[in-house]
Each structure stands twice: as structure tokens, then as C-alpha cells.
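*Asks:* Handing over model12.txt, compact mmCIF, C-alpha atoms.
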# COMPACT_ATOMS: atom_id res chain seq x y z
CA MET A 1 108.58 121.94 75.61
CA THR A 2 110.77 121.41 78.60
CA ASP A 3 107.94 122.57 80.76
CA ILE A 4 105.85 119.46 80.22
CA GLY A 5 104.59 118.21 83.49
CA LYS A 6 104.86 121.45 85.38
CA VAL A 7 101.93 121.41 87.77
CA ARG A 8 100.43 124.41 89.45
CA LEU A 9 98.00 124.07 92.31
CA ARG A 10 96.06 126.92 93.82
CA VAL A 11 94.33 126.66 97.12
CA PRO A 12 92.78 129.56 99.03
CA SER A 13 95.23 131.23 101.39
CA THR A 14 93.03 130.86 104.42
CA ILE A 15 91.16 127.67 105.12
CA LYS A 16 89.06 126.93 108.16
CA ALA A 17 88.41 123.44 109.44
CA GLY A 18 85.28 122.01 107.89
CA ASP A 19 85.29 124.32 104.89
CA VAL A 20 84.50 123.04 101.46
CA VAL A 21 87.49 124.31 99.54
CA GLN A 22 87.80 124.83 95.84
CA VAL A 23 91.16 124.01 94.33
CA ARG A 24 92.38 124.90 90.87
CA SER A 25 95.05 122.91 89.12
CA LEU A 26 96.90 123.43 85.91
CA ILE A 27 99.48 121.35 84.13
CA ILE A 28 101.65 122.19 81.17
CA HIS A 29 101.04 119.41 78.68
CA PRO A 30 100.62 119.35 74.88
CA MET A 31 97.52 117.06 74.87
CA GLU A 32 98.20 115.97 71.28
CA ARG A 33 95.18 115.91 69.06
CA ILE A 34 94.37 113.35 66.38
CA GLU A 35 96.30 113.81 63.19
CA ARG A 36 95.05 112.87 59.76
CA ASP A 37 96.94 112.13 56.59
CA GLN A 38 96.13 113.55 53.15
CA GLN A 39 93.30 111.09 52.59
CA GLY A 40 91.76 112.11 55.85
CA LYS A 41 92.60 108.85 57.51
CA ILE A 42 93.56 108.94 61.15
CA VAL A 43 97.25 108.47 61.78
CA GLN A 44 97.57 105.58 64.16
CA LYS A 45 100.09 106.30 66.84
CA ASN A 46 100.32 106.65 70.52
CA TYR A 47 99.11 110.17 71.10
CA ASN A 48 100.53 111.82 74.13
CA TYR A 49 97.69 113.14 76.23
CA ILE A 50 96.64 113.03 79.83
CA ASN A 51 94.08 110.35 80.46
CA LYS A 52 93.84 110.30 84.20
CA VAL A 53 93.96 112.87 86.95
CA THR A 54 93.72 111.67 90.51
CA VAL A 55 93.16 113.89 93.52
CA THR A 56 94.02 112.51 96.92
CA TYR A 57 93.66 114.19 100.28
CA LEU A 58 94.91 112.54 103.48
CA GLY A 59 95.55 109.41 101.46
CA LYS A 60 91.95 109.17 100.27
CA THR A 61 90.90 109.59 96.69
CA ILE A 62 88.58 112.56 96.37
CA ALA A 63 88.12 112.81 92.65
CA VAL A 64 89.30 111.09 89.51
CA PHE A 65 89.13 112.74 86.12
CA ASP A 66 89.25 110.37 83.17
CA THR A 67 90.04 112.58 80.25
CA THR A 68 90.25 112.22 76.50
CA GLN A 69 91.80 114.22 73.72
CA SER A 70 88.82 116.55 73.79
CA VAL A 71 90.40 118.32 76.73
CA ALA A 72 92.30 121.50 75.95
CA GLU A 73 96.04 121.90 75.80
CA ASN A 74 97.63 122.77 79.13
CA PRO A 75 94.54 121.45 80.86
CA PHE A 76 92.97 123.14 83.79
CA PHE A 77 90.83 121.31 86.33
CA SER A 78 89.03 122.55 89.36
CA PHE A 79 87.46 120.50 92.10
CA THR A 80 86.41 120.78 95.71
CA PHE A 81 87.20 118.92 98.85
CA LYS A 82 86.14 119.16 102.45
CA ALA A 83 89.01 120.23 104.67
CA THR A 84 88.67 118.10 107.77
CA ASP A 85 92.27 117.80 108.96
CA PRO A 86 95.53 119.46 108.06
CA GLY A 87 97.45 117.35 105.63
CA GLN A 88 98.61 116.96 102.12
CA LEU A 89 96.55 117.39 98.99
CA LYS A 90 98.06 115.62 96.05
CA VAL A 91 97.10 115.81 92.40
CA GLN A 92 98.59 113.24 90.10
CA PHE A 93 98.45 113.37 86.31
CA LEU A 94 99.06 110.32 84.16
CA ASP A 95 99.56 110.52 80.42
CA THR A 96 99.50 107.91 77.68
CA THR A 97 103.27 107.71 77.38
CA GLY A 98 103.62 106.59 80.96
CA GLY A 99 104.45 110.06 82.24
CA LYS A 100 103.50 110.76 85.80
CA TYR A 101 103.34 114.29 87.13
CA GLU A 102 102.47 115.41 90.61
CA GLY A 103 101.56 118.53 92.42
CA THR A 104 101.07 118.81 96.15
CA ALA A 105 99.74 121.42 98.50
CA ASP A 106 99.87 121.43 102.26
CA ILE A 107 96.53 122.19 103.80
CA LYS A 108 96.92 124.20 106.98
CA PHE A 109 94.28 125.85 109.07
CA SER A 110 94.60 129.41 110.15
CA MET B 1 126.58 94.90 46.84
CA SER B 2 125.53 97.69 49.08
CA GLU B 3 122.07 97.44 47.50
CA GLY B 4 121.83 93.83 48.55
CA TYR B 5 122.60 94.65 52.15
CA SER B 6 120.66 97.80 52.57
CA ILE B 7 117.20 96.28 52.18
CA PRO B 8 117.47 93.57 54.84
CA ARG B 9 118.97 96.15 57.14
CA ARG B 10 116.06 98.46 56.60
CA GLU B 11 113.65 95.63 57.21
CA ALA B 12 115.48 94.69 60.37
CA LEU B 13 115.35 98.25 61.64
CA LYS B 14 111.66 98.45 60.87
CA ALA B 15 111.06 95.25 62.79
CA LEU B 16 113.02 96.66 65.71
CA GLY B 17 110.95 99.79 65.60
CA VAL B 18 107.72 97.79 65.73
CA LEU B 19 109.09 95.83 68.63
CA GLY B 20 109.92 99.04 70.46
CA VAL B 21 106.42 100.40 69.97
CA GLY B 22 104.98 97.11 71.20
CA LEU B 23 107.10 97.27 74.32
CA ALA B 24 106.11 100.84 74.99
CA ALA B 25 102.45 99.95 74.62
CA GLY B 26 102.94 97.02 76.98
CA GLY B 27 104.39 99.28 79.63
CA LEU B 28 101.54 101.68 79.16
CA VAL B 29 98.91 99.02 79.69
CA GLN B 30 100.62 98.05 82.90
CA GLY B 31 100.79 101.61 84.13
CA THR B 32 97.13 102.35 83.60
CA ALA B 33 95.75 98.85 83.99
CA GLU B 34 93.25 100.06 86.54
CA ALA B 35 91.98 102.80 84.30
CA GLN B 36 91.73 100.44 81.37
CA ALA B 37 89.73 97.92 83.32
CA GLN B 38 87.24 100.61 84.29
CA ALA B 39 86.72 102.01 80.85
CA PRO B 40 88.12 100.41 77.74
CA ALA B 41 89.38 103.56 76.02
CA LEU B 42 87.02 106.24 77.18
CA GLY B 43 87.72 108.50 74.27
CA GLN B 44 86.83 106.87 71.00
CA ASN B 45 86.21 108.24 67.58
CA GLU B 46 82.49 107.67 67.36
CA SER B 47 79.20 109.42 67.04
CA VAL B 48 77.60 110.86 70.13
CA GLN B 49 74.76 108.32 69.95
CA ASP B 50 77.23 105.46 70.11
CA ALA B 51 79.09 107.11 72.92
CA MET B 52 75.93 107.61 74.97
CA LYS B 53 74.88 104.03 74.36
CA ARG B 54 78.27 102.75 75.43
CA LEU B 55 78.33 104.82 78.59
CA PHE B 56 74.79 104.58 79.83
CA GLY B 57 73.25 101.65 77.97
CA GLY B 58 69.59 102.37 77.46
CA LYS B 59 69.03 103.99 80.80
CA PRO B 60 66.66 106.93 80.78
CA ILE B 61 68.26 110.31 81.32
CA LYS B 62 66.13 112.87 83.09
CA ASP B 63 66.30 116.59 82.74
CA GLY B 64 68.45 117.95 85.51
CA ALA B 65 68.03 121.68 85.01
CA ALA B 66 66.79 122.06 88.58
CA VAL B 67 69.90 120.71 90.26
CA ILE B 68 72.74 121.05 87.79
CA LYS B 69 74.46 124.34 87.23
CA PHE B 70 76.33 124.19 83.97
CA ASP B 71 78.57 127.13 83.18
CA ILE B 72 79.80 127.36 79.63
CA PRO B 73 80.09 130.35 77.33
CA LEU B 74 77.32 130.71 74.74
CA ILE B 75 79.84 131.75 72.15
CA ALA B 76 83.30 130.28 72.22
CA GLU B 77 85.61 132.41 70.15
CA ASN B 78 88.40 129.92 70.34
CA GLY B 79 87.35 126.29 70.29
CA SER B 80 90.64 125.05 71.58
CA VAL B 81 90.09 126.42 75.05
CA VAL B 82 86.57 126.53 76.38
CA PRO B 83 86.11 126.75 80.12
CA VAL B 84 83.28 124.67 81.53
CA ALA B 85 82.13 124.32 85.09
CA VAL B 86 79.56 121.92 86.44
CA SER B 87 78.17 122.09 89.92
CA VAL B 88 75.41 119.95 91.31
CA ASP B 89 73.07 120.93 94.08
CA SER B 90 73.14 117.64 95.89
CA PRO B 91 74.15 116.35 99.29
CA MET B 92 77.51 114.63 99.45
CA THR B 93 76.98 112.02 102.12
CA PRO B 94 78.01 108.37 101.84
CA ALA B 95 74.33 107.46 101.42
CA SER B 96 73.62 109.85 98.60
CA TYR B 97 76.19 111.63 96.54
CA VAL B 98 77.15 112.48 93.02
CA LYS B 99 79.17 109.61 91.67
CA HIS B 100 80.08 110.70 88.18
CA ILE B 101 79.98 113.88 86.19
CA TYR B 102 80.35 113.47 82.45
CA VAL B 103 80.98 116.20 79.95
CA VAL B 104 79.99 115.28 76.41
CA ALA B 105 80.45 117.47 73.36
CA ASP B 106 78.10 116.23 70.65
CA LYS B 107 80.00 117.48 67.63
CA ASN B 108 83.49 116.51 68.70
CA ARG B 109 85.11 113.59 66.95
CA ILE B 110 85.76 112.21 70.39
CA PRO B 111 82.48 113.17 72.03
CA ILE B 112 83.30 112.15 75.57
CA VAL B 113 85.41 114.89 77.03
CA THR B 114 85.82 113.81 80.60
CA ARG B 115 84.37 111.61 83.24
CA VAL B 116 84.84 112.73 86.81
CA THR B 117 84.46 110.23 89.59
CA LEU B 118 83.78 111.84 92.93
CA ALA B 119 83.93 110.58 96.49
CA PRO B 120 81.61 111.85 99.24
CA GLU B 121 84.65 113.48 100.86
CA ALA B 122 84.65 116.05 98.08
CA GLY B 123 82.07 117.96 100.10
CA LYS B 124 80.45 119.49 97.07
CA ALA B 125 80.02 118.31 93.52
CA ALA B 126 81.65 121.15 91.65
CA VAL B 127 84.24 120.61 88.98
CA GLY B 128 85.68 122.66 86.17
CA ALA B 129 87.91 122.03 83.19
CA ASN B 130 89.07 123.54 79.94
CA ILE B 131 87.84 121.60 76.97
CA ARG B 132 88.11 121.65 73.18
CA LEU B 133 85.17 122.08 70.85
CA GLY B 134 85.46 121.16 67.20
CA GLU B 135 82.42 123.02 65.96
CA THR B 136 79.15 124.60 67.00
CA GLY B 137 76.96 122.11 68.76
CA GLU B 138 75.45 120.96 71.97
CA VAL B 139 77.52 120.28 75.01
CA ARG B 140 75.99 118.17 77.74
CA ALA B 141 76.73 117.70 81.37
CA ILE B 142 75.46 114.40 82.64
CA VAL B 143 75.37 113.59 86.32
CA GLU B 144 75.12 110.11 87.70
CA GLN B 145 74.10 109.90 91.32
CA SER B 146 75.08 107.11 93.67
CA ASP B 147 71.66 105.47 93.24
CA GLY B 148 72.11 105.36 89.48
CA THR B 149 69.84 108.26 88.54
CA LEU B 150 71.02 110.09 85.46
CA LEU B 151 70.41 113.78 85.01
CA GLN B 152 71.38 115.89 82.06
CA VAL B 153 71.71 119.50 81.05
CA ALA B 154 72.53 120.45 77.48
CA ARG B 155 73.68 123.81 76.20
CA GLU B 156 74.28 124.96 72.67
CA VAL B 157 77.66 126.57 72.17
CA LYS B 158 78.61 128.55 69.09
CA VAL B 159 82.20 128.06 68.09
CA THR B 160 83.87 130.67 65.91
CA VAL B 161 87.18 128.89 65.42
CA GLY B 162 87.19 125.16 65.92
CA GLY B 163 89.82 123.65 68.12
CA CYS B 164 89.75 119.95 67.56
CA GLY B 165 91.79 119.84 64.37
CA GLY B 166 92.15 116.74 62.29
Could you render the structure as C-alpha cells?
*Replies:*
Amino acid sequence: MTDIGKVRLRVPSTIKAGDVVQVRSLIIHPMERIERDQQGKIVQKNYNYINKVTVTYLGKTIAVFDTTQSVAENPFFSFTFKATDPGQLKVQFLDTTGGKYEGTADIKFS
Amino acid sequence: MSEGYSIPRREALKALGVLGVGLAAGGLVQGTAEAQAQAPALGQNESVQDAMKRLFGGKPIKDGAAVIKFDIPLIAENGSVVPVAVSVDSPMTPASYVKHIYVVADKNRIPIVTRVTLAPEAGKAAVGANIRLGETGEVRAIVEQSDGTLLQVAREVKVTVGGCGG
């Protein structure tokens, strides 16, 4: 469980200016599901799951994923962005316990 | 004597615990205040009809089979990891773009899986995610364009082993 919050970002190895680039991201996170007691009642507690994923490129927000517990464990997300200038692509994950995890990738043109 | 002391102590500890939880929740609200303002708890335990009503009100949803490409396996052997991909054949200019992509699993206890908010800078409306499916049922991809038009594609997915637990 020490791996919680490990973010992996994959961008294509060669990007040309103006390309629409697909990025894949993965984070190690348990995404706790709802638990029920013996009577089938939902256990009320603060479940630890990711509820927001924000993608920023050159300081601008490209995409925001609002997620619920119906998203799989160790969630994977893919998205696209238009590579206009070299710069930093940042993906930030927020979970319900206040955890904040980040992954960055430098976008360079070849 | 020890009996007499132990109960108040237990009570006191319990009270402390409650306080701690309250504090943690307070911090959480602060951290995601923006998200909360946008959608008061997106994922709720409700029926899909309620969820749709809450999200879209009574707005008509058109069939979007012509523009939406919805990739999801027909049979999901393992419901706890089901890859989905939604791409929309639409321009992404500031005047007309895809604003939201929703993924809704009808039979899940929390039907709303994800809501993606896109900016025109995304270049193309194509997103993917791994989701959970509790049981066999329809999964919908709903696209909201910047002018408010709603388009939907639904696909039936057979789930061999459910993944939503509880």
C-alpha cells in the first residue's frame, strides 16, 4: 500500500507542433468501494477514493474528470490535448482524504 | 473503582474520535470546495432515473450514434476493471465544442461513473477510463455540447463477475 499516489503518465515519444496528442495516465490508488454491514446497511464513513482529476497544460485546464466510486481500482484515464507549445503537462489527482498526487510530463517537439 | 472510571473515559475517547472525524471532514470540504460547489456529491447511491434527473433535469436527450464512438467490451469477464473509451466526432473550437462527457452505468449502485469537463484546447473529444460494473446492464455515454445539446449512446454489457461489491 505504500505505492498509493504513484502516478504514471505516458505521452508519445515524438510529438510535432500542432498535433492532437493522446496521453494515458495511471495512478495507484485503492478507490475504496462501499461497504455494507450484516443487515446490508451501508457503512457510513469517509471512503478513500479519487474524486477529481485535473489536467493542465501550459497553465490552462484541459480536462477535469469528476469521478465516483464506480471507477476501477488503480484508475486509468486517457485524454487528448493539442500540442501548441513546448511546456509542461500536469495531471493532478485529488482524493476524498485530502490526498493530492501529481504527475508531470515535459512536452518537447522533435 | 476502575469500573466507575472506565466508562467516562470511553465516552470521552469516543467524543474525541467524533471530533477528529469532524475536523477531517472540514478540511476535506475546504480542499475540494470548488468541486463541491459544482456538483453536490456527484456519486450518490440512487437509481439511474434519479441520477439522470439530477444531472440533466428534464432535458431531451437525442440519439448520438452518428457522432459518438463508444468503445466498451460486450462481455466484461471481470466487472472490477472494464475499459471504456468515448470519442466524439465534433469540432473543438471555442464556439462549438464538447463540454461534458458523462459515463453512466445503469445497474451500478452509484450510477454516475464519471463526468469529464473538457476545454476547447483538448483538440479532440476523446477520453478513456477503467470503470467498475456491478452487474449486467446498460452503460451509457452522454455528451453535452457547448450549446447544451445532449446526445447519448447506450450499450449493453454482460458482466460475468461483478465488481462493485457491497
*Asks:* In Å to one decimal, how far is CA of Asp106 (chain A) from CA of Gln88 (chain A)?
*Replies:*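 Pair CA of Gln88 (chain A) / CA of Asp106 (chain A) returns 4.6 Å.
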*Asks:* Using the file's own x, y and z axes, what box holds all listed atoms of region 3-10 of chain A with 8 Å on each side, keeping edges along x, y and z, and what are its centre and edge lengths in Å to one decimal, as JSON?
*Replies:*
{"center_x": 102.0, "center_y": 122.6, "center_z": 87.0, "size_x": 27.9, "size_y": 24.7, "size_z": 29.6}
*Asks:* Given the choices B:Asp89, B:Glu77, B:Glu156, B:Glu46, which gets closest to Ala65 (chain B) if the distance is worked out from all atoms listed in the file?
*Replies:*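 With all atoms listed in the file as the atom set, the closest residue is B:Asp89.
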*Asks:* Pick the closest to chain A from B:Thr93, B:Gly148, B:Gly137, B:Val81: which is it, counting only C-alpha atoms?
*Replies:*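 The shortest atom-to-atom distance to chain A comes from B:Val81.
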*Asks:* Fewer than 2 positions away in the same chain doesn't count, so skip those; otherwise give me all residues within 6 Å of Leu89 (chain A), counting only C-alpha atoms, as a PyMOL selection string.
*Replies:* chain A and resi 56-57+104-105
*Asks:* Next, dump the selected residues to file, keeping only C-alpha atoms, as an mmCIF file, keeping the file's coordinate frame.
*Replies:*
data_model
loop_
_atom_site.group_PDB
_atom_site.id
_atom_site.type_symbol
_atom_site.label_atom_id
_atom_site.label_comp_id
_atom_site.auth_asym_id
_atom_site.auth_seq_id
_atom_site.Cartn_x
_atom_site.Cartn_y
_atom_site.Cartn_z
ATOM 1 C CA THR A 56 94.020 112.510 96.920
ATOM 2 C CA TYR A 57 93.660 114.190 100.280
ATOM 3 C CA THR A 104 101.070 118.810 96.150
ATOM 4 C CA ALA A 105 99.740 121.420 98.500
#
*Asks:* Starting from the incomplete input, reconstruct N, CA and C atoms of region 60-73 of chain A and report them as a compact mmCIF listing (two decimals), in the frame of the given file.
*Replies:*
# COMPACT_ATOMS: atom_id res chain seq x y z
N LYS A 60 93.21 109.64 100.84
CA LYS A 60 91.95 109.17 100.27
C LYS A 60 91.72 109.81 98.91
N THR A 61 91.18 109.03 98.01
CA THR A 61 90.90 109.59 96.69
C THR A 61 89.61 110.40 96.74
N ILE A 62 89.73 111.65 96.34
CA ILE A 62 88.58 112.56 96.37
C ILE A 62 87.90 112.58 95.01
N ALA A 63 88.69 112.69 93.99
CA ALA A 63 88.12 112.81 92.65
C ALA A 63 89.07 112.20 91.64
N VAL A 64 88.52 111.63 90.61
CA VAL A 64 89.30 111.09 89.51
C VAL A 64 88.72 111.65 88.22
N PHE A 65 89.56 112.27 87.43
CA PHE A 65 89.13 112.74 86.12
C PHE A 65 89.68 111.77 85.08
N ASP A 66 88.80 111.15 84.32
CA ASP A 66 89.25 110.37 83.17
C ASP A 66 89.08 111.27 81.97
N THR A 67 90.15 111.58 81.31
CA THR A 67 90.04 112.58 80.25
C THR A 67 90.43 112.00 78.90
N THR A 68 89.96 112.64 77.86
CA THR A 68 90.25 112.22 76.50
C THR A 68 90.95 113.37 75.78
N GLN A 69 91.14 113.18 74.49
CA GLN A 69 91.80 114.22 73.72
C GLN A 69 90.93 115.45 73.52
N SER A 70 89.68 115.38 73.91
CA SER A 70 88.82 116.55 73.79
C SER A 70 89.05 117.56 74.91
N VAL A 71 90.07 117.35 75.69
CA VAL A 71 90.40 118.32 76.73
C VAL A 71 91.50 119.23 76.20
N ALA A 72 91.41 120.50 76.54
CA ALA A 72 92.30 121.50 75.95
C ALA A 72 93.77 121.28 76.33
N GLU A 73 94.60 121.89 75.53
CA GLU A 73 96.04 121.90 75.80
C GLU A 73 96.29 122.61 77.14
